[in-house]
Amino acid sequence: MKAMNRKEGFTLVELLVVIGILGILSAALFPAIGSAVLKANMTSVATRGKDLYVAIVGANTEREPLGLGHVWPRATLGTTDANDPITQNFTTSSEYFTKLMDMEKKGTDDWAPYVQGIDASKLAGAGVKALPANQKTITKEYNMWTIAGDIIDEMEDIIPIFVTRNIDEAPGKLFITSGAGQQPSVERQAKWWKDGADFKSPFNNKGFVMVRKGGATLSLSSRYVSQDIIYSSQTVSLGSPGIKYLIP
């Protein structure tokens, strides 16, 4: 009796069926995978922002008994101290972080950062490149954070201090920057940096991360990024002239 010939490989129809099944599974799983990756990246970025916040608060605590001012950045308001470079006015957050971390002297015997336990790696991640090891100045390509300038102790803890740079924060847009007793608006929605702009990463227009003045972090997907939600429907008083957000 002759042995039956065994069929080797797959027929074209079988291959097409397998490919079709894989396509259906991929289409079903891709949104869930993308959402999980986004949430993981936002959690990582929020941790980096919280590390920056804790380091700066620690520096302020260290300076207080010495009779020195805090190291939150000054933008256009208040007085400056020629003998204390960290209290000078800054025009970008990259300029501020360069001074805060004393980047220009890093690696030398004269290196003396204003904060301890952080470095430029806290400014990168989720699509924002890490600062090259040999670069002494932080520039916008390597900095994900917009930061509020001219923060004072009397301001509410709800105020956003660190904000990921993918939100186009110009005057009169998402964040409250001045005024007394302002009620946040439900209609005021985020304006995102468009494709091709410098600051669309991290997260593009999918969401953003911020750290409040009180130290709490908040990660929001784009569906919920409104002024009312950011300020938890609380009245905000900043007075005049208020604060200014420094983009990278």
# chains A, B, ... in the order shown; residues from 1 in each chain; ligands from 1
>>> closest_atom_pairs(of="stretch 117-219 of chain A", to="stretch 82-97 of chain A", cutoff="7 Å", atoms="only C-alpha atoms", output="CSV")
residue,atom,partner,partner_atom,distance
A:Ile138,CA,A:Ser94,CA,5.5
A:Thr139,CA,A:Ser94,CA,5.5
A:Lys140,CA,A:Ser94,CA,6.2
A:Asn143,CA,A:Ser94,CA,6.5
A:Thr146,CA,A:Ser93,CA,6.2
A:Ile147,CA,A:Ser93,CA,6.1
>>> write_last_selection(atoms="N, CA and C atoms", output="PDB file, in the first residue's frame")
ATOM      1  N   ILE A 138      21.315  73.837  28.475  1.00  0.00           N
ATOM      2  CA  ILE A 138      20.043  73.193  28.150  1.00  0.00           C
ATOM      3  C   ILE A 138      19.322  74.043  27.115  1.00  0.00           C
ATOM      4  N   THR A 139      18.896  73.420  26.035  1.00  0.00           N
ATOM      5  CA  THR A 139      18.149  74.103  24.979  1.00  0.00           C
ATOM      6  C   THR A 139      16.797  73.434  24.794  1.00  0.00           C
ATOM      7  N   LYS A 140      15.942  74.070  24.017  1.00  0.00           N
ATOM      8  CA  LYS A 140      14.542  73.647  23.940  1.00  0.00           C
ATOM      9  C   LYS A 140      14.358  72.221  23.423  1.00  0.00           C
ATOM     10  N   ASN A 143      14.170  69.811  26.537  1.00  0.00           N
ATOM     11  CA  ASN A 143      13.433  70.279  27.709  1.00  0.00           C
ATOM     12  C   ASN A 143      11.934  70.189  27.441  1.00  0.00           C
ATOM     13  N   THR A 146       7.269  73.570  30.405  1.00  0.00           N
ATOM     14  CA  THR A 146       6.916  74.977  30.584  1.00  0.00           C
ATOM     15  C   THR A 146       6.771  75.188  32.093  1.00  0.00           C
ATOM     16  N   ILE A 147       7.248  76.329  32.610  1.00  0.00           N
ATOM     17  CA  ILE A 147       7.212  76.556  34.052  1.00  0.00           C
ATOM     18  C   ILE A 147       6.670  77.951  34.352  1.00  0.00           C
TER      19      ILE A 147
END
>>> residues_around(residues="A:Ile152", least_positions_apart="3", cutoff="10 Å", atoms="only C-alpha atoms", output="short mmCIF file (atom, residue, chain, number, x, y, z; two decimals) with C-alpha atoms, in the first residue's frame")
data_model
loop_
_atom_site.label_atom_id
_atom_site.label_comp_id
_atom_site.auth_asym_id
_atom_site.auth_seq_id
_atom_site.Cartn_x
_atom_site.Cartn_y
_atom_site.Cartn_z
CA HIS A 70 13.34 81.26 46.75
CA TRP A 72 11.27 79.65 41.60
CA GLY A 149 7.44 82.34 36.76
CA MET A 155 -0.99 81.93 45.57
CA GLU A 156 -3.35 78.95 45.73
CA LYS A 213 2.01 74.63 43.33
CA LEU A 238 -3.48 85.92 41.16
CA GLY A 242 0.16 87.88 38.16
CA ILE A 243 2.44 85.15 36.74
#
>>> residues_around(residues="A:Asn205", least_positions_apart="2", cutoff="7 Å", atoms="only C-alpha atoms", output="PyMOL selection string")
chain A and resi 192+203+207+222
>>> atom_distance(atom1="atom CA of A:Gln183", atom2="atom CA of A:Gln227")
9.5 Å
>>> closest_atom_pairs(of="stretch 163-215 of chain A", to="stretch 41-46 of chain A", cutoff="8 Å", atoms="only C-alpha atoms", output="tab-separated table")
residue	atom	partner	partner_atom	distance
A:Phe208	CA	A:Met42	CA	7.5
A:Val209	CA	A:Ala46	CA	6.1
A:Met210	CA	A:Ala46	CA	7.0
A:Val211	CA	A:Ala46	CA	7.4
>>> residues_around(residues="A:Lys244", least_positions_apart="2", cutoff="8 Å", atoms="only C-alpha atoms", output="list in words")
Ala75, Thr76, Ala148, Gly149, Asp150, Thr177, Gly242 and Leu246 of chain A
>>> residues_around(residues="A:Val54", least_positions_apart="4", cutoff="12 Å", atoms="only C-alpha atoms", output="VMD selection string")
chain A and resid 47 to 50 58 to 61 72 115 to 118 162 211 to 217
>>> write_last_selection(atoms="N, CA and C atoms", output="JSON list (two decimals), in the first residue's frame")
[["chain", "number", "residue", "atom", "x", "y", "z"],
["A", 47, "THR", "N", 6.26, 61.69, 37.36],
["A", 47, "THR", "CA", 7.27, 61.41, 38.39],
["A", 47, "THR", "C", 8.46, 62.34, 38.23],
["A", 48, "ARG", "N", 8.88, 62.59, 37.01],
["A", 48, "ARG", "CA", 10.01, 63.49, 36.77],
["A", 48, "ARG", "C", 9.67, 64.92, 37.18],
["A", 49, "GLY", "N", 8.44, 65.33, 36.87],
["A", 49, "GLY", "CA", 8.01, 66.66, 37.28],
["A", 49, "GLY", "C", 7.95, 66.80, 38.79],
["A", 50, "LYS", "N", 7.47, 65.76, 39.46],
["A", 50, "LYS", "CA", 7.40, 65.78, 40.92],
["A", 50, "LYS", "C", 8.81, 65.82, 41.52],
["A", 58, "GLY", "N", 13.07, 71.82, 48.26],
["A", 58, "GLY", "CA", 14.19, 71.56, 49.17],
["A", 58, "GLY", "C", 15.22, 72.68, 49.13],
["A", 59, "ALA", "N", 15.50, 73.19, 47.94],
["A", 59, "ALA", "CA", 16.44, 74.31, 47.82],
["A", 59, "ALA", "C", 15.90, 75.55, 48.50],
["A", 60, "ASN", "N", 14.59, 75.79, 48.36],
["A", 60, "ASN", "CA", 13.98, 76.95, 49.02],
["A", 60, "ASN", "C", 14.07, 76.83, 50.54],
["A", 61, "THR", "N", 13.84, 75.63, 51.05],
["A", 61, "THR", "CA", 13.93, 75.39, 52.50],
["A", 61, "THR", "C", 15.35, 75.63, 53.00],
["A", 72, "TRP", "N", 12.23, 79.67, 42.70],
["A", 72, "TRP", "CA", 11.27, 79.65, 41.60],
["A", 72, "TRP", "C", 11.67, 80.73, 40.61],
["A", 115, "VAL", "N", 20.10, 73.07, 43.29],
["A", 115, "VAL", "CA", 19.27, 71.96, 43.73],
["A", 115, "VAL", "C", 20.11, 70.69, 43.76],
["A", 116, "GLN", "N", 19.72, 69.76, 44.60],
["A", 116, "GLN", "CA", 20.46, 68.51, 44.73],
["A", 116, "GLN", "C", 19.58, 67.33, 44.27],
["A", 117, "GLY", "N", 20.23, 66.32, 43.72],
["A", 117, "GLY", "CA", 19.53, 65.08, 43.41],
["A", 117, "GLY", "C", 18.80, 65.04, 42.10],
["A", 118, "ILE", "N", 18.95, 66.06, 41.25],
["A", 118, "ILE", "CA", 18.32, 66.04, 39.93],
["A", 118, "ILE", "C", 19.35, 66.43, 38.88],
["A", 162, "PHE", "N", 4.57, 73.33, 36.84],
["A", 162, "PHE", "CA", 5.20, 72.62, 35.73],
["A", 162, "PHE", "C", 4.11, 72.09, 34.80],
["A", 211, "VAL", "N", 2.29, 69.74, 37.28],
["A", 211, "VAL", "CA", 2.52, 69.68, 38.72],
["A", 211, "VAL", "C", 1.99, 70.99, 39.32],
["A", 212, "ARG", "N", 1.15, 70.87, 40.33],
["A", 212, "ARG", "CA", 0.56, 72.06, 40.94],
["A", 212, "ARG", "C", 1.52, 72.69, 41.95],
["A", 213, "LYS", "N", 1.20, 73.92, 42.35],
["A", 213, "LYS", "CA", 2.01, 74.63, 43.33],
["A", 213, "LYS", "C", 2.09, 73.87, 44.65],
["A", 214, "GLY", "N", 1.06, 73.13, 45.00],
["A", 214, "GLY", "CA", 1.07, 72.35, 46.23],
["A", 214, "GLY", "C", 1.79, 71.03, 46.12],
["A", 215, "GLY", "N", 2.25, 70.67, 44.92],
["A", 215, "GLY", "CA", 3.02, 69.44, 44.73],
["A", 215, "GLY", "C", 2.24, 68.29, 44.12],
["A", 216, "ALA", "N", 0.93, 68.42, 43.98],
["A", 216, "ALA", "CA", 0.13, 67.35, 43.38],
["A", 216, "ALA", "C", 0.36, 67.30, 41.87],
["A", 217, "THR", "N", 0.38, 66.09, 41.31],
["A", 217, "THR", "CA", 0.52, 65.94, 39.87],
["A", 217, "THR", "C", -0.85, 65.63, 39.26]]
>>> closest_residue(among="A:Ala40, A:Ile230, A:Met144, A:Val225", to="A:Val128", atoms="only C-alpha atoms")
A:Met144
